[in-house]
file input01.cif (mmCIF, C-alpha atoms (C1' of nucleotides))
data_input
#
loop_
_atom_site.label_atom_id
_atom_site.label_comp_id
_atom_site.auth_asym_id
_atom_site.auth_seq_id
_atom_site.Cartn_x
_atom_site.Cartn_y
_atom_site.Cartn_z
CA MET A 729 -13.62 -14.22 -30.40
CA SER A 730 -12.94 -12.83 -33.84
CA LYS A 731 -13.64 -9.25 -34.75
CA ASN A 732 -14.94 -9.50 -38.27
CA VAL A 733 -16.15 -5.97 -37.76
CA PRO A 734 -16.00 -3.85 -40.89
CA ALA A 735 -14.28 -1.30 -38.66
CA SER A 736 -11.04 -2.84 -39.85
CA SER A 737 -11.29 -0.84 -43.03
CA VAL A 738 -8.56 1.15 -41.32
CA PRO A 739 -5.21 -0.66 -41.42
CA THR A 740 -4.06 -2.14 -38.13
CA ARG A 741 -0.93 -0.03 -38.17
CA ASP A 742 -2.98 3.17 -38.19
CA ARG A 743 -5.38 1.84 -35.57
CA LEU A 744 -2.39 1.21 -33.31
CA LEU A 745 -1.13 4.74 -33.84
CA ASP A 746 -4.65 6.09 -33.17
CA ALA A 747 -4.90 4.08 -29.97
CA PHE A 748 -1.47 5.24 -28.83
CA GLU A 749 -2.40 8.88 -29.40
CA GLU A 750 -5.74 8.45 -27.68
CA LEU A 751 -4.12 6.95 -24.59
CA LEU A 752 -1.50 9.70 -24.47
CA VAL A 753 -4.17 12.39 -24.76
CA GLU A 754 -6.62 10.88 -22.30
CA GLY A 755 -4.30 9.45 -19.70
CA GLY A 756 -0.85 10.89 -20.21
CA GLU A 757 2.44 9.17 -20.88
CA ARG A 758 2.22 6.67 -18.08
CA SER A 759 -1.04 5.10 -19.20
CA ALA A 760 0.19 4.55 -22.75
CA THR A 761 1.78 1.14 -22.17
CA LEU A 762 2.25 -1.44 -24.89
CA ASP A 763 -0.41 -3.67 -23.35
CA ALA A 764 -2.89 -0.79 -23.17
CA VAL A 765 -2.22 0.30 -26.75
CA ALA A 766 -2.69 -3.22 -28.06
CA ALA A 767 -5.92 -3.66 -26.08
CA ALA A 768 -7.32 -0.30 -27.20
CA ALA A 769 -6.64 -1.16 -30.84
CA ALA A 770 -8.18 -4.63 -30.35
CA VAL A 771 -4.90 -6.25 -31.32
CA SER A 772 -2.77 -8.69 -29.39
CA LYS A 773 0.51 -7.54 -27.93
CA GLY A 774 2.29 -9.76 -30.43
CA GLY A 775 0.35 -8.06 -33.19
CA LEU A 776 1.49 -4.65 -32.01
CA LEU A 777 5.11 -5.75 -31.92
CA TYR A 778 4.71 -7.16 -35.39
CA HIS A 779 4.11 -3.62 -36.68
CA PHE A 780 6.29 -1.69 -34.22
CA SER A 781 9.16 -3.72 -32.92
CA SER A 782 9.61 -1.59 -29.80
CA LYS A 783 8.02 1.27 -27.93
CA GLY A 784 10.58 3.56 -29.50
CA ALA A 785 9.43 2.50 -32.96
CA LEU A 786 5.83 3.20 -31.95
CA ILE A 787 6.81 6.69 -30.81
CA GLU A 788 8.73 7.35 -34.01
CA GLY A 789 5.83 6.14 -36.11
CA MET A 790 3.49 8.46 -34.27
CA LEU A 791 5.83 11.44 -34.59
CA ALA A 792 6.33 10.77 -38.29
CA ARG A 793 2.59 10.86 -38.85
CA LEU A 794 2.33 14.06 -36.78
CA ASP A 795 5.05 15.68 -38.85
CA ALA A 796 3.29 14.75 -42.09
CA LEU A 797 -0.03 16.14 -40.84
CA ALA A 798 1.66 19.33 -39.70
CA LYS A 799 3.25 19.84 -43.10
CA GLU A 800 -0.17 19.62 -44.75
CA ASP A 801 -1.52 22.03 -42.18
CA ALA A 802 1.19 24.61 -42.80
CA GLU A 803 0.07 24.67 -46.41
CA ASN A 804 -3.57 25.05 -45.31
CA ILE A 805 -2.59 28.02 -43.16
CA ARG A 806 -0.67 29.67 -45.96
CA THR A 807 -3.54 29.37 -48.43
CA ALA A 808 -6.49 29.92 -46.08
CA PRO A 809 -9.19 32.12 -47.67
CA ALA A 810 -9.73 34.18 -44.51
CA GLY A 811 -5.99 34.62 -44.14
CA PRO A 812 -3.26 32.76 -42.22
CA VAL A 813 -3.84 34.51 -38.89
CA ASP A 814 -7.58 33.83 -38.84
CA TYR A 815 -7.00 30.19 -39.74
CA LEU A 816 -4.17 29.64 -37.24
CA ILE A 817 -6.07 31.13 -34.33
CA ARG A 818 -9.33 29.31 -35.07
CA THR A 819 -7.60 25.96 -35.39
CA SER A 820 -5.64 26.49 -32.18
CA VAL A 821 -8.61 25.39 -30.10
CA HIS A 822 -9.09 21.67 -30.26
CA THR A 823 -11.59 20.38 -32.73
CA GLY A 824 -10.71 16.71 -32.41
CA SER A 825 -9.02 16.69 -35.80
CA PRO A 826 -6.28 14.13 -36.45
CA LEU A 827 -3.65 16.87 -36.26
CA ASP A 828 -5.02 18.09 -32.94
CA ARG A 829 -4.87 14.68 -31.39
CA ALA A 830 -1.44 13.94 -32.79
CA TYR A 831 -0.11 17.30 -31.61
CA ILE A 832 -1.37 16.86 -28.07
CA ALA A 833 -0.01 13.33 -28.01
CA GLY A 834 3.36 14.70 -29.10
CA SER A 835 3.17 17.34 -26.37
CA ARG A 836 2.70 14.67 -23.76
CA LEU A 837 5.87 12.94 -24.88
CA ALA A 838 7.74 16.24 -24.97
CA GLN A 839 6.66 16.94 -21.40
CA GLY A 840 8.06 13.55 -20.58
CA ARG A 841 11.32 14.96 -21.97
CA ASP A 842 11.47 12.78 -25.05
CA PRO A 843 14.04 14.51 -27.28
CA ARG A 844 12.52 13.19 -30.52
CA ALA A 845 9.14 14.65 -29.59
CA MET A 846 10.74 17.96 -28.60
CA GLN A 847 12.53 18.12 -31.92
CA VAL A 848 9.37 17.48 -33.95
CA LEU A 849 7.28 19.97 -31.99
CA GLY A 850 10.00 22.57 -32.33
CA ASP A 851 10.09 22.05 -36.10
CA ILE A 852 6.32 22.39 -36.34
CA ARG A 853 6.28 25.62 -34.38
CA ARG A 854 9.07 27.08 -36.49
CA ARG A 855 7.09 26.19 -39.61
CA TRP A 856 3.95 27.90 -38.32
CA LEU A 857 5.88 30.96 -37.20
CA SER A 858 7.49 31.24 -40.58
CA VAL A 859 4.12 31.21 -42.31
CA ILE A 860 2.77 33.91 -40.00
CA GLU A 861 5.90 36.02 -40.45
CA ASP A 862 5.40 35.92 -44.21
CA ALA A 863 1.81 37.03 -43.69
CA VAL A 864 2.28 39.89 -41.21
CA HIS A 865 5.72 41.15 -42.30
CA ASP A 866 6.91 41.77 -38.72
CA PRO A 867 8.76 39.27 -36.52
CA ASP A 868 7.53 40.66 -33.20
CA THR A 869 3.91 40.68 -34.27
CA ALA A 870 4.26 37.17 -35.67
CA GLU A 871 5.77 36.00 -32.39
CA ALA A 872 2.94 37.56 -30.39
CA ILE A 873 0.36 35.82 -32.57
CA MET A 874 2.18 32.51 -32.17
CA LEU A 875 2.19 33.00 -28.41
CA ILE A 876 -1.58 33.46 -28.41
CA SER A 877 -1.90 30.33 -30.53
CA ASP A 878 0.31 28.45 -28.08
CA GLY A 879 -1.75 29.72 -25.19
CA LEU A 880 -4.96 28.58 -26.83
CA TYR A 881 -3.50 25.14 -27.36
CA VAL A 882 -2.49 24.76 -23.75
CA ASN A 883 -5.79 25.96 -22.38
CA SER A 884 -7.73 23.86 -24.81
CA SER A 885 -5.70 20.91 -23.68
CA LEU A 886 -6.48 21.55 -20.03
CA ALA A 887 -10.09 22.38 -20.78
CA GLU A 888 -10.68 19.31 -22.92
CA HIS A 889 -11.73 17.29 -19.93
CA GLU A 890 -13.99 19.53 -17.89
CA LEU A 891 -13.05 22.59 -15.83
CA ALA A 892 -12.13 25.04 -18.56
CA PRO A 893 -10.80 28.36 -17.28
CA GLN A 894 -12.97 29.89 -19.96
CA GLU A 895 -14.98 28.59 -22.87
CA HIS A 896 -13.49 29.47 -26.21
CA THR A 897 -16.56 29.83 -28.39
CA ALA A 898 -16.77 30.84 -32.02
CA GLU A 899 -17.82 34.35 -30.98
CA SER A 900 -15.02 34.77 -28.47
CA MET A 901 -12.57 33.62 -31.15
CA THR A 902 -13.91 36.23 -33.51
CA ARG A 903 -13.48 38.92 -30.86
CA LEU A 904 -9.96 37.65 -30.19
CA ILE A 905 -9.06 37.86 -33.87
CA THR A 906 -10.44 41.40 -33.99
CA LEU A 907 -8.21 42.26 -31.05
CA ILE A 908 -5.20 40.76 -32.82
CA GLY A 909 -6.02 43.00 -35.77
CA ARG A 910 -4.95 45.94 -33.62
CA ILE A 911 -1.36 44.74 -33.29
CA LEU A 912 -0.91 44.19 -37.02
CA PRO A 913 1.32 46.79 -38.68
CA GLN A 914 -0.78 49.50 -40.27
CA THR A 915 -1.15 49.15 -44.01
CA MET B 774 23.36 23.29 21.24
CA SER B 775 23.80 23.41 17.50
CA LYS B 776 22.83 21.22 14.61
CA ASN B 777 25.77 19.01 13.80
CA VAL B 778 24.75 19.37 10.14
CA PRO B 779 25.11 23.04 9.26
CA ALA B 780 24.55 22.42 5.53
CA SER B 781 20.94 21.33 5.98
CA SER B 782 19.53 24.48 7.46
CA VAL B 783 16.53 23.78 5.24
CA PRO B 784 14.12 21.30 6.82
CA THR B 785 14.10 17.82 5.30
CA ARG B 786 10.44 18.17 4.35
CA ASP B 787 11.18 21.19 2.16
CA ARG B 788 14.28 19.57 0.70
CA LEU B 789 12.11 16.64 -0.36
CA LEU B 790 9.60 18.95 -2.01
CA ASP B 791 12.44 20.82 -3.75
CA ALA B 792 13.90 17.55 -5.03
CA PHE B 793 10.51 16.37 -6.24
CA GLU B 794 9.95 19.59 -8.19
CA GLU B 795 13.43 19.49 -9.63
CA LEU B 796 12.98 15.95 -10.90
CA LEU B 797 9.60 16.76 -12.41
CA VAL B 798 10.99 19.81 -14.19
CA GLU B 799 14.19 18.19 -15.42
CA GLY B 800 13.01 14.71 -16.25
CA GLY B 801 9.23 14.68 -16.35
CA GLU B 802 6.74 12.66 -14.39
CA ARG B 803 8.33 9.31 -15.05
CA SER B 804 11.68 10.18 -13.55
CA ALA B 805 10.20 11.53 -10.32
CA THR B 806 10.09 8.23 -8.48
CA LEU B 807 10.17 7.95 -4.71
CA ASP B 808 13.67 6.50 -4.82
CA ALA B 809 14.91 9.31 -7.04
CA VAL B 810 13.33 12.00 -4.85
CA ALA B 811 14.82 10.50 -1.71
CA ALA B 812 18.26 10.22 -3.30
CA ALA B 813 18.15 13.79 -4.65
CA ALA B 814 17.26 15.10 -1.20
CA ALA B 815 19.98 12.96 0.39
CA VAL B 816 17.40 11.11 2.45
CA SER B 817 16.56 7.43 2.57
CA LYS B 818 13.35 6.16 1.11
CA GLY B 819 12.11 5.39 4.59
CA GLY B 820 12.87 8.94 5.57
CA LEU B 821 10.82 10.26 2.69
CA LEU B 822 7.88 8.09 3.65
CA TYR B 823 8.11 9.36 7.18
CA HIS B 824 7.32 12.87 5.96
CA PHE B 825 4.99 11.92 3.11
CA SER B 826 3.24 8.63 3.70
CA SER B 827 2.58 8.01 0.01
CA LYS B 828 3.35 9.42 -3.41
CA GLY B 829 -0.08 11.05 -3.34
CA ALA B 830 0.82 12.84 -0.13
CA LEU B 831 4.04 14.08 -1.75
CA ILE B 832 2.06 15.43 -4.69
CA GLU B 833 -0.44 17.12 -2.40
CA GLY B 834 2.34 18.67 -0.35
CA MET B 835 3.94 20.03 -3.50
CA LEU B 836 0.66 21.41 -4.83
CA ALA B 837 -0.14 23.05 -1.50
CA ARG B 838 3.18 24.88 -1.58
CA LEU B 839 2.57 25.88 -5.20
CA ASP B 840 -0.83 27.28 -4.32
CA ALA B 841 0.62 29.31 -1.46
CA LEU B 842 3.35 30.75 -3.69
CA ALA B 843 0.80 31.60 -6.38
CA LYS B 844 -1.36 33.47 -3.88
CA GLU B 845 1.61 35.64 -2.91
CA ASP B 846 2.37 36.19 -6.57
CA ALA B 847 -1.16 37.33 -7.39
CA GLU B 848 -0.67 40.06 -4.82
CA ASN B 849 2.67 40.99 -6.36
CA ILE B 850 1.03 41.29 -9.76
CA ARG B 851 -1.77 43.48 -8.41
CA THR B 852 0.61 45.90 -6.71
CA ALA B 853 3.46 45.91 -9.24
CA PRO B 854 4.91 49.41 -9.76
CA ALA B 855 5.13 49.04 -13.57
CA GLY B 856 1.58 47.70 -13.64
CA PRO B 857 0.04 44.22 -13.58
CA VAL B 858 0.41 43.54 -17.30
CA ASP B 859 4.10 44.44 -17.41
CA TYR B 860 4.78 42.30 -14.35
CA LEU B 861 2.76 39.31 -15.54
CA ILE B 862 4.38 39.20 -18.97
CA ARG B 863 7.92 39.66 -17.69
CA THR B 864 7.53 36.91 -15.10
CA SER B 865 6.00 34.52 -17.63
CA VAL B 866 9.43 33.58 -18.90
CA HIS B 867 11.21 31.33 -16.50
CA THR B 868 13.58 32.93 -14.07
CA GLY B 869 14.20 29.92 -11.88
CA SER B 870 12.17 31.38 -9.05
CA PRO B 871 10.50 29.01 -6.58
CA LEU B 872 7.12 29.78 -8.12
CA ASP B 873 8.41 29.05 -11.61
CA ARG B 874 9.78 25.72 -10.61
CA ALA B 875 6.67 24.78 -8.66
CA TYR B 876 4.41 25.85 -11.52
CA ILE B 877 6.27 23.82 -14.13
CA ALA B 878 6.33 20.85 -11.79
CA GLY B 879 2.57 21.19 -11.41
CA SER B 880 2.18 21.39 -15.18
CA ARG B 881 4.01 18.11 -15.58
CA LEU B 882 1.57 16.42 -13.23
CA ALA B 883 -1.38 18.02 -14.98
CA GLN B 884 -0.12 16.70 -18.31
CA GLY B 885 -0.03 13.32 -16.64
CA ARG B 886 -3.74 13.92 -16.04
CA ASP B 887 -3.54 14.29 -12.27
CA PRO B 888 -6.89 15.87 -11.33
CA ARG B 889 -5.49 17.55 -8.21
CA ALA B 890 -2.80 19.27 -10.27
CA MET B 891 -5.33 20.33 -12.90
CA GLN B 892 -7.54 21.82 -10.21
CA VAL B 893 -4.72 23.83 -8.66
CA LEU B 894 -3.42 25.10 -12.00
CA GLY B 895 -6.94 26.09 -13.00
CA ASP B 896 -7.38 28.03 -9.76
CA ILE B 897 -4.09 29.85 -10.28
CA ARG B 898 -4.95 30.84 -13.82
CA ARG B 899 -8.37 32.11 -12.76
CA ARG B 900 -6.68 34.20 -10.07
CA TRP B 901 -4.23 35.76 -12.52
CA LEU B 902 -6.96 36.41 -15.07
CA SER B 903 -9.04 38.12 -12.43
CA VAL B 904 -6.19 40.47 -11.54
CA ILE B 905 -5.61 41.36 -15.20
CA GLU B 906 -9.33 41.90 -15.75
CA ASP B 907 -9.36 44.38 -12.88
CA ALA B 908 -6.41 46.16 -14.47
CA VAL B 909 -7.54 46.40 -18.09
CA HIS B 910 -11.33 46.64 -17.60
CA ASP B 911 -12.11 44.37 -20.54
CA PRO B 912 -12.57 40.58 -20.41
CA ASP B 913 -11.48 39.91 -24.00
CA THR B 914 -8.31 41.95 -23.67
CA ALA B 915 -7.54 40.30 -20.36
CA GLU B 916 -8.01 36.87 -21.92
CA ALA B 917 -5.70 37.74 -24.82
CA ILE B 918 -3.01 38.89 -22.40
CA MET B 919 -3.39 35.71 -20.36
CA LEU B 920 -3.04 33.66 -23.55
CA ILE B 921 0.25 35.40 -24.36
CA SER B 922 1.40 34.72 -20.82
CA ASP B 923 0.41 31.05 -21.20
CA GLY B 924 2.25 30.88 -24.50
CA LEU B 925 5.39 32.35 -22.95
CA TYR B 926 5.26 29.79 -20.17
CA VAL B 927 4.98 26.87 -22.55
CA ASN B 928 7.76 28.07 -24.81
CA SER B 929 9.95 28.89 -21.89
CA SER B 930 9.36 25.40 -20.61
CA LEU B 931 10.34 23.81 -23.91
CA ALA B 932 13.23 26.19 -24.39
CA GLU B 933 14.63 25.67 -20.90
CA HIS B 934 16.75 22.78 -22.04
CA GLU B 935 18.23 23.75 -25.38
CA LEU B 936 16.46 24.25 -28.72
CA ALA B 937 14.39 27.32 -28.06
CA PRO B 938 12.16 28.34 -30.94
CA GLN B 939 13.20 31.87 -30.14
CA GLU B 940 15.11 33.55 -27.38
CA HIS B 941 12.98 35.73 -25.17
CA THR B 942 15.33 38.48 -24.14
CA ALA B 943 14.65 41.54 -22.04
CA GLU B 944 14.45 43.68 -25.19
CA SER B 945 12.08 41.33 -26.98
CA MET B 946 9.88 41.31 -23.88
CA THR B 947 9.78 45.08 -23.91
CA ARG B 948 8.77 45.07 -27.58
CA LEU B 949 6.10 42.49 -26.81
CA ILE B 950 4.69 44.61 -24.00
CA THR B 951 4.61 47.61 -26.34
CA LEU B 952 2.67 45.51 -28.81
CA ILE B 953 0.22 44.49 -26.10
CA GLY B 954 -0.28 48.16 -25.36
CA ARG B 955 -2.06 48.42 -28.71
CA ILE B 956 -4.85 46.06 -27.70
CA LEU B 957 -5.60 47.88 -24.46
CA PRO B 958 -8.87 49.85 -24.51
CA GLN B 959 -8.21 53.51 -25.31
CA THR B 960 -8.44 55.75 -22.26
"C1'" DT C 395 21.55 10.81 38.66
"C1'" DT C 396 20.32 6.72 37.19
"C1'" DT C 397 16.64 4.02 34.90
"C1'" DA C 398 12.75 3.48 32.17
"C1'" DC C 399 9.93 5.10 28.75
"C1'" DT C 400 8.03 8.02 24.77
"C1'" DG C 401 8.07 10.44 20.41
"C1'" DT C 402 10.49 12.07 16.41
"C1'" DA C 403 13.42 11.43 12.59
"C1'" DC C 404 15.35 8.47 9.74
"C1'" DC C 405 17.63 3.89 7.52
"C1'" DG C 406 17.53 0.14 4.21
"C1'" DG C 407 15.92 -4.35 2.93
"C1'" DC C 408 11.98 -6.58 1.03
"C1'" DT C 409 7.65 -7.79 -1.68
"C1'" DG C 410 4.29 -7.80 -5.18
"C1'" DG C 411 2.80 -5.92 -9.24
"C1'" DA C 412 3.43 -3.55 -13.64
"C1'" DC C 413 6.02 -2.80 -17.68
"C1'" DG C 414 9.08 -3.49 -21.88
"C1'" DG C 415 10.54 -6.94 -24.46
"C1'" DT C 416 11.30 -11.97 -26.14
"C1'" DA C 417 9.84 -16.29 -27.70
"C1'" DT C 418 7.11 -19.59 -29.77
"C1'" DA C 419 3.38 -22.34 -31.43
"C1'" DG C 420 -0.90 -21.95 -33.65
"C1'" DT C 421 -4.63 -19.61 -36.93
"C1'" DT C 422 -6.68 -17.20 -40.82
"C1'" DG C 423 -7.27 -14.99 -45.29
"C1'" DT C 424 -5.41 -14.67 -49.98
"C1'" DA D 1283 3.00 -20.59 -49.23
"C1'" DC D 1284 3.14 -16.45 -47.13
"C1'" DA D 1285 1.73 -12.40 -44.50
"C1'" DA D 1286 -0.74 -10.95 -40.80
"C1'" DC D 1287 -1.90 -11.86 -37.12
"C1'" DT D 1288 -3.59 -14.49 -32.02
"C1'" DA D 1289 -2.57 -16.43 -27.56
"C1'" DT D 1290 0.28 -17.36 -23.90
"C1'" DA D 1291 4.18 -17.84 -21.20
"C1'" DC D 1292 8.16 -15.96 -19.59
"C1'" DC D 1293 12.35 -12.74 -18.15
"C1'" DG D 1294 14.69 -8.75 -16.04
"C1'" DT D 1295 13.90 -4.37 -14.29
"C1'" DC D 1296 11.70 -0.80 -11.98
"C1'" DC D 1297 8.65 1.03 -8.74
"C1'" DA D 1298 5.36 2.08 -4.66
"C1'" DG D 1299 4.56 0.92 -0.36
"C1'" DC D 1300 5.62 -1.71 3.91
"C1'" DC D 1301 8.15 -2.99 7.89
"C1'" DG D 1302 11.58 -3.93 11.32
"C1'" DG D 1303 15.10 -1.67 12.83
"C1'" DT D 1304 18.45 2.56 14.83
"C1'" DA D 1305 19.65 6.93 17.03
"C1'" DC D 1306 18.65 10.34 19.96
"C1'" DA D 1307 16.25 13.97 22.63
"C1'" DG D 1308 13.23 14.81 26.26
"C1'" DT D 1309 10.81 13.57 30.53
"C1'" DA D 1310 9.80 11.87 34.83
"C1'" DA D 1311 9.62 8.97 38.74
"C1'" DA D 1312 13.03 6.46 42.29
#

call {"tool": "encode", "arguments": {"input": "input01.cif", "output": "structure tokens"}}
result
Amino acid sequence: MSKNVPASSVPTRDRLLDAFEELLVEGGERSATLDAVAAAAAVSKGGLLYHFSSKGALIEGMLARLDALAKEDAENIRTAPAGPVDYLIRTSVHTGSPLDRAYIAGSRLAQGRDPRAMQVLGDIRRRWLSVIEDAVHDPDTAEAIMLISDGLYVNSSLAEHELAPQEHTAESMTRLITLIGRILPQT
Amino acid sequence: MSKNVPASSVPTRDRLLDAFEELLVEGGERSATLDAVAAAAAVSKGGLLYHFSSKGALIEGMLARLDALAKEDAENIRTAPAGPVDYLIRTSVHTGSPLDRAYIAGSRLAQGRDPRAMQVLGDIRRRWLSVIEDAVHDPDTAEAIMLISDGLYVNSSLAEHELAPQEHTAESMTRLITLIGRILPQT
DNA sequence: TTTACTGTACCGGCTGGACGGTATAGTTGT
DNA sequence: ACAACTATACCGTCCAGCCGGTACAGTAAA
């Protein structure tokens, strides 16, 4: 009955957050019930409520972790060797990174009209846009690049589970970035 | 012989579909319950189930109408006086048109992982992409334009109810279209 | 033209299951 | 001893789907 598995090197709290995100990504808001989250994290329902006293607390915990990851990422974008635009576009297709998963999970909640999730996602986008604006020195160009990034995210999200409208391969991303080069202000 | 109810010139079936879409758009998947749909359409629950024998049937009815609207729209894009790209981009921000509403409603279901909704949305996107490809004669450029369109849709959807990351005005759309002009293959 | 019947459109109460949350008694590792 | 759980039972609410009605329009034979 006991899980003495060494898998529990990860704290239960984080495993619960991971399970919550996974359920949101795979099955949408409706499937992410407290019972399901507890089961997926191999924790009893009581155990879940020990760490997060309500579903709202679970959501806030998840959004807080997303926000922290996004802050790190903004710094990665700013200091990327190949440049912010290259980095942003390439990381806009899902790689299965913690930030990816957390971001999609947050999107699911935002689609469910959760105001906290909408707030956090809005903040993250503003942060990214600001970094790109600093890099390209033109608001309209920055906005266009952000739109492409947004589009990639959405498509990647739909494509994740079969039936992609189009594969976004490394080569196609390179061609896309070349194309974006044409809208950058001439230096 | 006249209808004693002049207000409901719209058939009940369509009013139910309208109400379903509205609830999906405004409140997400969770709020679009059968009771809520019936109430919003000023019909009893029994009346709803007379027209749509299950929630699945309601979803399928909504998606069928969306698909029909999208087919008309693809034709509008192809034959637009200002050109397909101009038309596609300008109609990617929400105007409150029936297609807009239906499309967002479909997106909500797709985020909830409904395979029928994902299928329909995928078909629609492929149709649009195909029209743009015919217009710009380059797959990569067409894909980039579609990504911007996707991005506009998502942002418009988040912006709809307060807290837009950025207003998308008529002027900013014109500037965006000018920018897109730079990635078109030289003629 | 009355009576009997049929189909369409709709009402509203009910049930069973799922979900969020509470409670509580017991267990395990440090 | 205390924190970190497990296990189980329970409550109120919400929801999808079901069912027994009602109202009425048309139709058709007597």

call {"tool": "calpha_fit_rmsd", "arguments": {"input": "input01.cif", "fixed": "chain B", "moving": "chain A"}}
result
2.1 Å

call {"tool": "resolve_selection", "arguments": {"input": "input01.cif", "expression": "the PyMOL selection byres ((chain D) within 12 of (chain B))", "output": "PDB file with C-alpha atoms (C1' of nucleotides), in the coordinates of the input"}}
result
ATOM      1  C1'  DC D1296      11.700  -0.800 -11.980  1.00  0.00           C
ATOM      2  C1'  DC D1297       8.650   1.030  -8.740  1.00  0.00           C
ATOM      3  C1'  DA D1298       5.360   2.080  -4.660  1.00  0.00           C
ATOM      4  C1'  DG D1299       4.560   0.920  -0.360  1.00  0.00           C
ATOM      5  C1'  DC D1300       5.620  -1.710   3.910  1.00  0.00           C
ATOM      6  C1'  DC D1301       8.150  -2.990   7.890  1.00  0.00           C
ATOM      7  C1'  DG D1302      11.580  -3.930  11.320  1.00  0.00           C
ATOM      8  C1'  DG D1303      15.100  -1.670  12.830  1.00  0.00           C
ATOM      9  C1'  DA D1307      16.250  13.970  22.630  1.00  0.00           C
TER      10       DA D1307
END

call {"tool": "resolve_selection", "arguments": {"input": "input01.cif", "expression": "the PyMOL selection byres ((chain C) within 12 of (chain A))", "output": "compact mmCIF listing (two decimals) with C-alpha atoms (C1' of nucleotides), in the coordinates of the input"}}
result
# COMPACT_ATOMS: atom_id res chain seq x y z
C1' DA C 412 3.43 -3.55 -13.64
C1' DC C 413 6.02 -2.80 -17.68
C1' DG C 414 9.08 -3.49 -21.88
C1' DG C 415 10.54 -6.94 -24.46
C1' DT C 416 11.30 -11.97 -26.14
C1' DA C 417 9.84 -16.29 -27.70
C1' DT C 418 7.11 -19.59 -29.77
C1' DT C 421 -4.63 -19.61 -36.93
C1' DT C 422 -6.68 -17.20 -40.82
C1' DG C 423 -7.27 -14.99 -45.29

call {"tool": "atom_distance", "arguments": {"input": "input01.cif", "atom1": "CA of His822 in chain A", "atom2": "CA of Ser885 in chain A"}}
result
7.4 Å

call {"tool": "closest_residue", "arguments": {"input": "input01.cif", "among": "B:Leu842, B:Ala815, B:Met835, B:Leu797", "to": "chain A", "atoms": "all atoms listed in the file"}}
result
B:Leu797
